[in-house]
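One structure is given below, encoded as structure tokens.
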Amino acid sequence: MAEEHNKNSERPVAEKGEHIIARHLVDDDAIKEEKNLVIDGVDVSGRWNTFIVTRVDSEFDRSFFDEIQKTVVGSRINRCWQCGMCTASCTVTPLYRRFNPRAFIYMMQLGNLKQLKKYIDVAWRCVGCYKCSQRCPKQVNPAEMMEALALLIKRYFPEEIKSKHQLKIDEEVKAIYEGMILGHGRLDLANLHTSAMRKMGKTTELLSDKDERGAIFKMMKDGRALSVLRLGKPHKWHKSKDAIDNYLKHTGTLEQEGMI
Amino acid sequence: MGNLKENQAAYYPGCALLTIDRAYNNSSKLVSKKMGIELVDIPDYNCCGIGEMKSKGAVSLYLPLRNMVIAKSELGSKDLVMACSVCYHEFTRSIERAKEDKKLLDEVNYILKEADEEEYVPEGDARHILEFLYNEKGPDEAKKNTVKPLKGLKVAPYYGCLYSRPSMYTFTDKKPGMDNSERPRFMHEFLESIGADVVQYGNEVQCCGGRNVVQDEETSFALCSQTLSKAKKAGADVLVVICPKCAGALDVNQPKIVEKFGKDSELPVVYLTQLMALAFGFSEKEAQFSDMISNPLELLKQKGNFI
């Protein structure tokens, strides 16, 4: 009877695994689901027979754990007990569901680079609001753990950064920040903004900003955009710069990554 | 430079406040002076790292702590006052990390020595101007100085993230006299003391996405439009901020946010100290309202006899 029912009706069958909570954390090939299945005369088609294949994490390397723990931002990785308070309080997660600090920290603890690689496109989106660090019951400081994650990605997936547009922009903007802060000791915000826009290919937006209310236009007019020229560099900053460069060259940790 | 006098405090201006956000810098100084404290810039400051240098190990501590060393050696002050919440975060973070981790402190002092600077000794605090004015002078002092109460002006205080979070650095809830981390109230009290009506809207400590505002406008716009429209819906005339980065996201980018999310997100943004300066009798020129992109000047003219 059930077979007959299947043949005649056109009831919609849900997409494979559609009803799994946190579906984005489960791989496609780990979900088993038959669209049409009858067992002992009982119709268990679709979601009635869904199951997730038991996962055995074998591809991990605990040496990453030590590597992360040696950095200033990742020093508390050992404290995390995976309660998920960070993800629950995250500003970014509601906007990008695949951004999951709890899961990222787990993958970092295991050193599961293969799994981490799948999230490179969202992993950089932390806005640094520190809600997670405020509420973390173990003072793991997940907000800074995301910085450690960025270091890990930079070290092990440089090619991915180059090939993904937004990641590349993020890296380039960070390089502008770094060049100004370490190079000049002070930040030229107007210059930072215009250089970043040029990097993003928004030159036309810059030039066509004729609107009286346009921020750049206004700041050019009242002189704020150029006021940084009066700031100059801190006295004997070159000594600080040399000392910083020298330090970074010899840290021997992940923090050495991405020096310009 | 000599040591500070009794009614003076060492002040870290920071890059934003000396350039784009000069209105916040100048009004902070006006307000502090009126309340009896003169803010003295430390000489030869350097950038705090603005949250972008955190993955550089001891260097991220070196940047703020070099300024603490200067405050001590040039002005004889262990404490340093600052108005920018991002700077405040970088300073408190560095001070706490240096206190708890001897090895890290040694590394910072190694860089300081190489750079021909004096040694950093963990003592003294970084203080946000809001907490500083509250604890040193308080809302009563602000009320005493108010000559033009902002009667009828509905204000929505926006604290943002780093003024009250994370308490492992800011010591909110942890140290007596500090603000509450989830429900801060110091700005509320100051605004009430100058006669404004404080509006409750629910996004007081939400994030503006300011950190990624350059490279990820999309996220920041979405977060900002939530805050602006919620405050507007609650009846606010202005959103009051205490951080140049929040102002960058909510004020400077507002024309673009309105273009994308509509007029619901159109709300003038001002700094707390600008409103305080106005209430203390300074002119709108001195408070530099015209520097704000979201045009609070027009509203303040319409709303009453504030200007």
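Each chain in the structure tokens gets a letter, A, B and so on, in the order shown; residues start at 1 in every chain, and ligands are counted from 1 in the order they appear.
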
Near-B:Leu63 list (7 Å; only C-alpha atoms; drop same-chain fewer than 5 positions) as a PyMOL selection string: chain B and resi 46-49

So which residues touch stretch 50-54 of chain A within 7 Å, counting only C-alpha atoms, skipping near sequence neighbours fewer than 2 positions away, as a PDB file with C-alpha atoms, in the first residue's frame?
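Full text of result24.pdb as output:
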ATOM      1  CA  GLY A  17      19.292  16.671   5.661  1.00  0.00           C
ATOM      2  CA  ALA A  30      28.118  12.360   6.140  1.00  0.00           C
ATOM      3  CA  ILE A  31      24.339  12.525   5.772  1.00  0.00           C
ATOM      4  CA  LYS A  32      22.549   9.367   4.695  1.00  0.00           C
ATOM      5  CA  GLU A  33      18.994   9.784   3.532  1.00  0.00           C
ATOM      6  CA  GLY A  46      12.824  11.308   3.335  1.00  0.00           C
ATOM      7  CA  ARG A  47      13.592  12.755   6.738  1.00  0.00           C
ATOM      8  CA  TRP A  48      12.238   9.695   8.552  1.00  0.00           C
ATOM      9  CA  VAL A  56      35.796   9.724  13.810  1.00  0.00           C
TER      10      VAL A  56
END

To test your reading of the structure, identify every residue in stretch 27-150 of chain A that backbone DSSP assigns to alpha helix (DSSP H), and report it as a VMD selection string. chain A and resid 63 to 69 85 to 89 101 to 110 113 to 117 120 to 123 131 to 135 142 to 150

Generate a file of the selected residues that holds N, CA and C atoms, formatted as a CSV table (one decimal), in the first residue's frame.
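Wrote out.csv, looks like this:
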chain,number,residue,atom,x,y,z
A,63,SER,N,50.2,19.1,17.7
A,63,SER,CA,51.4,20.1,17.8
A,63,SER,C,50.9,21.5,17.6
A,64,PHE,N,49.7,21.6,16.8
A,64,PHE,CA,49.2,23.0,16.6
A,64,PHE,C,48.8,23.6,17.9
A,65,PHE,N,48.3,22.8,18.8
A,65,PHE,CA,47.9,23.2,20.1
A,65,PHE,C,49.0,24.0,20.8
A,66,ASP,N,50.2,23.5,20.8
A,66,ASP,CA,51.3,24.2,21.5
A,66,ASP,C,51.6,25.4,20.7
A,67,GLU,N,51.6,25.3,19.4
A,67,GLU,CA,51.9,26.5,18.6
A,67,GLU,C,51.0,27.6,18.9
A,68,ILE,N,49.7,27.3,19.0
A,68,ILE,CA,48.7,28.4,19.3
A,68,ILE,C,48.9,28.9,20.7
A,69,GLN,N,49.2,28.0,21.6
A,69,GLN,CA,49.3,28.4,23.0
A,69,GLN,C,50.5,29.3,23.3
A,85,MET,N,29.1,29.2,24.8
A,85,MET,CA,28.6,30.6,25.2
A,85,MET,C,29.1,31.6,24.2
A,86,CYS,N,30.3,31.4,23.7
A,86,CYS,CA,30.8,32.4,22.7
A,86,CYS,C,29.9,32.5,21.5
A,87,THR,N,29.5,31.3,20.9
A,87,THR,CA,28.7,31.4,19.7
A,87,THR,C,27.3,31.9,20.1
A,88,ALA,N,26.8,31.6,21.3
A,88,ALA,CA,25.5,32.0,21.6
A,88,ALA,C,25.4,33.6,21.8
A,89,SER,N,26.5,34.2,22.2
A,89,SER,CA,26.5,35.6,22.4
A,89,SER,C,27.1,36.4,21.2
A,101,PRO,N,32.4,30.5,16.6
A,101,PRO,CA,33.7,30.5,17.4
A,101,PRO,C,33.9,29.2,18.1
A,102,ARG,N,32.8,28.7,18.7
A,102,ARG,CA,33.0,27.4,19.5
A,102,ARG,C,33.6,26.3,18.6
A,103,ALA,N,33.0,26.1,17.4
A,103,ALA,CA,33.5,25.1,16.5
A,103,ALA,C,35.0,25.4,16.1
A,104,PHE,N,35.2,26.7,15.8
A,104,PHE,CA,36.6,27.1,15.4
A,104,PHE,C,37.6,26.7,16.5
A,105,ILE,N,37.3,27.0,17.7
A,105,ILE,CA,38.2,26.7,18.8
A,105,ILE,C,38.4,25.2,19.0
A,106,TYR,N,37.3,24.4,18.8
A,106,TYR,CA,37.4,23.0,18.8
A,106,TYR,C,38.4,22.5,17.7
A,107,MET,N,38.2,23.0,16.5
A,107,MET,CA,39.1,22.6,15.4
A,107,MET,C,40.5,23.0,15.7
A,108,MET,N,40.7,24.1,16.3
A,108,MET,CA,42.1,24.6,16.7
A,108,MET,C,42.7,23.7,17.8
A,109,GLN,N,41.8,23.3,18.7
A,109,GLN,CA,42.3,22.4,19.8
A,109,GLN,C,42.8,21.1,19.2
A,110,LEU,N,42.0,20.6,18.2
A,110,LEU,CA,42.4,19.3,17.6
A,110,LEU,C,43.5,19.4,16.6
A,113,LEU,N,43.2,20.8,10.5
A,113,LEU,CA,43.3,21.9,9.5
A,113,LEU,C,42.3,21.6,8.3
A,114,LYS,N,42.1,20.3,8.1
A,114,LYS,CA,41.2,20.0,6.9
A,114,LYS,C,39.8,20.5,7.1
A,115,GLN,N,39.3,20.5,8.4
A,115,GLN,CA,38.0,21.0,8.7
A,115,GLN,C,38.0,22.5,8.7
A,116,LEU,N,39.1,23.1,9.3
A,116,LEU,CA,39.2,24.5,9.3
A,116,LEU,C,39.2,25.2,8.0
A,117,LYS,N,39.8,24.5,7.0
A,117,LYS,CA,39.9,25.0,5.7
A,117,LYS,C,38.6,25.4,5.1
A,120,ILE,N,37.4,29.1,5.9
A,120,ILE,CA,38.3,30.2,5.7
A,120,ILE,C,37.5,31.4,5.2
A,121,ASP,N,36.5,31.2,4.4
A,121,ASP,CA,35.8,32.3,3.9
A,121,ASP,C,35.0,33.1,4.9
A,122,VAL,N,34.6,32.5,6.0
A,122,VAL,CA,33.9,33.3,7.1
A,122,VAL,C,34.8,33.6,8.3
A,123,ALA,N,35.8,32.8,8.5
A,123,ALA,CA,36.6,32.9,9.7
A,123,ALA,C,37.1,34.3,10.1
A,131,LYS,N,31.9,40.3,23.2
A,131,LYS,CA,30.8,39.8,24.0
A,131,LYS,C,31.1,38.4,24.4
A,132,CYS,N,31.8,37.6,23.6
A,132,CYS,CA,32.1,36.2,23.9
A,132,CYS,C,33.1,36.2,25.1
A,133,SER,N,34.1,37.1,25.0
A,133,SER,CA,35.1,37.1,26.1
A,133,SER,C,34.5,37.6,27.4
A,134,GLN,N,33.5,38.5,27.3
A,134,GLN,CA,32.8,38.9,28.5
A,134,GLN,C,32.1,37.8,29.2
A,135,ARG,N,31.4,36.9,28.4
A,135,ARG,CA,30.5,35.9,28.9
A,135,ARG,C,31.2,34.6,29.1
A,142,PRO,N,37.7,34.2,23.7
A,142,PRO,CA,37.5,33.7,22.3
A,142,PRO,C,37.7,34.8,21.2
A,143,ALA,N,37.4,36.1,21.6
A,143,ALA,CA,37.6,37.2,20.6
A,143,ALA,C,39.1,37.2,20.2
A,144,GLU,N,40.0,37.0,21.1
A,144,GLU,CA,41.4,37.0,20.7
A,144,GLU,C,41.8,35.7,20.1
A,145,MET,N,41.1,34.6,20.4
A,145,MET,CA,41.3,33.3,19.8
A,145,MET,C,41.1,33.4,18.3
A,146,MET,N,40.1,34.3,17.9
A,146,MET,CA,39.9,34.5,16.4
A,146,MET,C,41.1,35.1,15.7
A,147,GLU,N,41.9,35.9,16.5
A,147,GLU,CA,43.1,36.4,16.0
A,147,GLU,C,44.1,35.3,15.8
A,148,ALA,N,44.2,34.4,16.7
A,148,ALA,CA,45.1,33.3,16.6
A,148,ALA,C,44.7,32.4,15.4
A,149,LEU,N,43.4,32.3,15.2
A,149,LEU,CA,42.9,31.6,14.0
A,149,LEU,C,43.3,32.2,12.7
A,150,ALA,N,43.3,33.5,12.7
A,150,ALA,CA,43.8,34.3,11.5
A,150,ALA,C,45.3,34.0,11.2

Closest-contact table, chain A side, partner chain B, 6 Å, counting only C-alpha atoms, as a Markdown table:
| residue | atom | partner | partner_atom | distance |
| --- | --- | --- | --- | --- |
| A:Val72 | CA | B:Gly57 | CA | 5.2 |
| A:Val127 | CA | B:Gly209 | CA | 5.4 |
| A:Cys129 | CA | B:Cys161 | CA | 5.3 |
| A:Tyr130 | CA | B:Pro166 | CA | 5.9 |
| A:Ser133 | CA | B:Pro166 | CA | 6.0 |
| A:Gln134 | CA | B:Pro166 | CA | 4.5 |
| A:Glu147 | CA | B:Ser55 | CA | 6.0 |
| A:Asp170 | CA | B:Gln215 | CA | 5.7 |
| A:Gly185 | CA | B:Asn46 | CA | 5.1 |
| A:Arg186 | CA | B:Cys47 | CA | 4.7 |
| A:Leu187 | CA | B:Cys15 | CA | 5.7 |
| A:Ala215 | CA | B:Val252 | CA | 6.0 |
| A:Arg224 | CA | B:Ile20 | CA | 5.3 |
| A:Ser227 | CA | B:Thr19 | CA | 5.6 |
| A:Val228 | CA | B:Thr19 | CA | 5.8 |
| A:Pro234 | CA | B:Asp44 | CA | 5.0 |
| A:Lys239 | CA | B:Ala115 | CA | 4.8 |
| A:Ser240 | CA | B:Ala115 | CA | 4.5 |
| A:Ala243 | CA | B:Ala115 | CA | 5.5 |
| A:Glu255 | CA | B:Lys56 | CA | 5.3 |

What does the file look like for those residues with N, CA and C atoms, as a PDB file, in the first residue's frame?
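Final output, out.pdb:
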ATOM      1  N   VAL A  72      50.401  35.239  22.040  1.00  0.00           N
ATOM      2  CA  VAL A  72      49.766  36.049  23.077  1.00  0.00           C
ATOM      3  C   VAL A  72      48.242  35.922  22.988  1.00  0.00           C
ATOM      4  N   VAL A 127      34.070  40.821  14.519  1.00  0.00           N
ATOM      5  CA  VAL A 127      34.069  42.283  14.610  1.00  0.00           C
ATOM      6  C   VAL A 127      34.732  42.779  15.898  1.00  0.00           C
ATOM      7  N   CYS A 129      33.842  42.529  19.128  1.00  0.00           N
ATOM      8  CA  CYS A 129      32.959  43.218  20.085  1.00  0.00           C
ATOM      9  C   CYS A 129      33.148  42.694  21.504  1.00  0.00           C
ATOM     10  N   TYR A 130      33.856  41.575  21.644  1.00  0.00           N
ATOM     11  CA  TYR A 130      34.215  41.006  22.948  1.00  0.00           C
ATOM     12  C   TYR A 130      33.030  40.563  23.809  1.00  0.00           C
ATOM     13  N   SER A 133      34.108  37.112  25.032  1.00  0.00           N
ATOM     14  CA  SER A 133      35.102  37.127  26.101  1.00  0.00           C
ATOM     15  C   SER A 133      34.484  37.581  27.419  1.00  0.00           C
ATOM     16  N   GLN A 134      33.502  38.485  27.323  1.00  0.00           N
ATOM     17  CA  GLN A 134      32.807  38.949  28.521  1.00  0.00           C
ATOM     18  C   GLN A 134      32.054  37.798  29.185  1.00  0.00           C
ATOM     19  N   GLU A 147      41.872  35.886  16.507  1.00  0.00           N
ATOM     20  CA  GLU A 147      43.109  36.445  15.956  1.00  0.00           C
ATOM     21  C   GLU A 147      44.139  35.321  15.756  1.00  0.00           C
ATOM     22  N   ASP A 170      40.742  42.009   2.966  1.00  0.00           N
ATOM     23  CA  ASP A 170      40.953  42.095   4.411  1.00  0.00           C
ATOM     24  C   ASP A 170      42.447  42.131   4.727  1.00  0.00           C
ATOM     25  N   GLY A 185      54.265  55.184  13.247  1.00  0.00           N
ATOM     26  CA  GLY A 185      53.934  55.387  14.659  1.00  0.00           C
ATOM     27  C   GLY A 185      52.589  56.036  14.886  1.00  0.00           C
ATOM     28  N   ARG A 186      51.985  56.533  13.804  1.00  0.00           N
ATOM     29  CA  ARG A 186      50.662  57.144  13.939  1.00  0.00           C
ATOM     30  C   ARG A 186      49.810  56.794  12.735  1.00  0.00           C
ATOM     31  N   LEU A 187      48.498  56.925  12.933  1.00  0.00           N
ATOM     32  CA  LEU A 187      47.576  56.480  11.898  1.00  0.00           C
ATOM     33  C   LEU A 187      46.979  57.672  11.164  1.00  0.00           C
ATOM     34  N   ALA A 215      30.954  62.435   3.124  1.00  0.00           N
ATOM     35  CA  ALA A 215      31.885  62.604   4.238  1.00  0.00           C
ATOM     36  C   ALA A 215      33.272  63.060   3.780  1.00  0.00           C
ATOM     37  N   ARG A 224      39.941  68.661   7.780  1.00  0.00           N
ATOM     38  CA  ARG A 224      40.255  67.538   8.669  1.00  0.00           C
ATOM     39  C   ARG A 224      41.013  66.432   7.974  1.00  0.00           C
ATOM     40  N   SER A 227      44.596  67.220   8.084  1.00  0.00           N
ATOM     41  CA  SER A 227      45.195  67.656   9.343  1.00  0.00           C
ATOM     42  C   SER A 227      46.249  66.696   9.862  1.00  0.00           C
ATOM     43  N   VAL A 228      46.229  65.474   9.342  1.00  0.00           N
ATOM     44  CA  VAL A 228      47.206  64.489   9.812  1.00  0.00           C
ATOM     45  C   VAL A 228      48.619  64.897   9.431  1.00  0.00           C
ATOM     46  N   PRO A 234      56.206  60.315  15.763  1.00  0.00           N
ATOM     47  CA  PRO A 234      56.765  60.513  17.100  1.00  0.00           C
ATOM     48  C   PRO A 234      58.283  60.674  16.992  1.00  0.00           C
ATOM     49  N   LYS A 239      63.781  54.284  15.944  1.00  0.00           N
ATOM     50  CA  LYS A 239      64.374  53.327  16.897  1.00  0.00           C
ATOM     51  C   LYS A 239      63.333  52.293  17.340  1.00  0.00           C
ATOM     52  N   SER A 240      62.129  52.769  17.566  1.00  0.00           N
ATOM     53  CA  SER A 240      61.045  51.845  17.930  1.00  0.00           C
ATOM     54  C   SER A 240      60.791  50.866  16.798  1.00  0.00           C
ATOM     55  N   ALA A 243      63.432  48.243  16.626  1.00  0.00           N
ATOM     56  CA  ALA A 243      63.303  47.307  17.749  1.00  0.00           C
ATOM     57  C   ALA A 243      62.143  46.341  17.519  1.00  0.00           C
ATOM     58  N   GLU A 255      53.377  34.311  15.422  1.00  0.00           N
ATOM     59  CA  GLU A 255      53.262  35.764  15.316  1.00  0.00           C
ATOM     60  C   GLU A 255      54.228  36.351  14.290  1.00  0.00           C
TER      61      GLU A 255
END

Using Å and a single decimal, report how far atom CA of A:Ile176 sits from atom CA of A:Met200. 12.5 Å

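Every protein or nucleic acid residue with an atom no more than 10 Å from B:Thr273, counting only C-alpha atoms and leaving out same-chain residues fewer than 5 positions away, appears here: Ala23, Tyr24, Asn25, Asn26, Ser27, Ser28, Lys29, Leu30, Val31, Ser32, Ala83, Ile129, Leu130, Phe190, Leu191, Val240, Val241, Ile242, Leu278, Ala279 and Ala287 of chain B.
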
Give me a file of those residues, with C-alpha atoms, as a compact mmCIF listing (two decimals), in the first residue's frame.
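Okay, result.txt is ready:
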# COMPACT_ATOMS: atom_id res chain seq x y z
CA ALA B 23 35.20 67.75 17.90
CA TYR B 24 35.38 64.96 20.49
CA ASN B 25 38.90 65.98 21.53
CA ASN B 26 38.13 69.67 21.90
CA SER B 27 34.78 69.21 23.65
CA SER B 28 36.32 66.68 26.07
CA LYS B 29 38.91 69.25 27.06
CA LEU B 30 36.34 72.04 27.40
CA VAL B 31 34.05 69.93 29.56
CA SER B 32 36.84 68.62 31.78
CA ALA B 83 38.52 59.45 25.24
CA ILE B 129 37.07 59.83 30.00
CA LEU B 130 33.50 58.85 30.88
CA PHE B 190 25.51 62.49 32.92
CA LEU B 191 22.82 63.04 30.31
CA VAL B 240 25.07 59.84 21.83
CA VAL B 241 28.42 58.11 21.39
CA ILE B 242 31.72 57.97 23.29
CA LEU B 278 26.50 72.88 24.99
CA ALA B 279 24.75 72.53 28.35
CA ALA B 287 31.37 72.22 20.50

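Non-sequential neighbours of B:Ser225 (distance at most 8 Å, separation of 6 or more positions within a chain, only C-alpha atoms) are Ile257, Val258, Phe261 and Ser265 of chain B.
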
Save the residues we just selected, N, CA and C atoms, as a PDB file, in the first residue's frame?
ATOM      1  N   ILE B 257      24.263  54.274   4.813  1.00  0.00           N
ATOM      2  CA  ILE B 257      23.347  53.369   5.522  1.00  0.00           C
ATOM      3  C   ILE B 257      21.905  53.737   5.175  1.00  0.00           C
ATOM      4  N   VAL B 258      21.618  55.028   5.149  1.00  0.00           N
ATOM      5  CA  VAL B 258      20.266  55.487   4.822  1.00  0.00           C
ATOM      6  C   VAL B 258      19.916  55.118   3.383  1.00  0.00           C
ATOM      7  N   PHE B 261      19.213  51.267   3.743  1.00  0.00           N
ATOM      8  CA  PHE B 261      18.152  50.772   4.635  1.00  0.00           C
ATOM      9  C   PHE B 261      16.987  51.742   4.814  1.00  0.00           C
ATOM     10  N   SER B 265      16.754  54.723   9.358  1.00  0.00           N
ATOM     11  CA  SER B 265      18.095  54.722   9.950  1.00  0.00           C
ATOM     12  C   SER B 265      18.703  56.114   9.992  1.00  0.00           C
TER      13      SER B 265
END

Which residue of A:Leu226, A:Lys241, A:Arg198, A:Ile161 approaches A:Gly183 most closely, using only C-alpha atoms: A:Lys241

One decimal, Å: what's the distance from atom CA of B:Asp106 over to atom CA of A:Arg76, could you say?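 It comes out at 19.4 Å.
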
I'd like to know which of A:Ile153, A:Leu182, A:Ile39, A:Met197 is closest to A:Ile169, using only C-alpha atoms.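 Comparing A:Ile153, A:Leu182, A:Ile39, A:Met197 against A:Ile169, the winner is A:Met197.
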
Would you pick out the contacts of B:Arg127 at 8 Å or less, using only C-alpha atoms, so that residues sharing its chain but fewer than 4 positions from it are not included, and give the list as a PDB file with C-alpha atoms, in the first residue's frame?
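Contents of the output file result_19.pdb:
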ATOM      1  CA  ASP B  79      47.464  57.077  35.140  1.00  0.00           C
ATOM      2  CA  LEU B  80      46.526  58.097  31.629  1.00  0.00           C
ATOM      3  CA  VAL B  81      43.116  59.411  30.549  1.00  0.00           C
ATOM      4  CA  MET B  82      41.783  58.818  27.043  1.00  0.00           C
ATOM      5  CA  TYR B  88      41.097  52.471  26.087  1.00  0.00           C
ATOM      6  CA  GLU B 131      34.590  56.761  33.863  1.00  0.00           C
ATOM      7  CA  PHE B 132      37.228  59.358  34.775  1.00  0.00           C
TER       8      PHE B 132
END

Could you tell me how far atom CA of A:Ser163 sits from atom CA of A:Gly252, in Å to one decimal place? 27.2 Å

Nearest to B:Leu299 by atom-to-atom distance, counting only C-alpha atoms, from B:Ala10, B:Ala126, B:Ala236, B:Leu4: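 Ranking B:Ala10, B:Ala126, B:Ala236, B:Leu4 by distance to B:Leu299, first place goes to B:Ala236.
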
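Using only C-alpha atoms, the smallest distance between any of B:Phe306, B:Phe91, B:Tyr134, B:Tyr11 and B:Glu74 comes from B:Tyr11.
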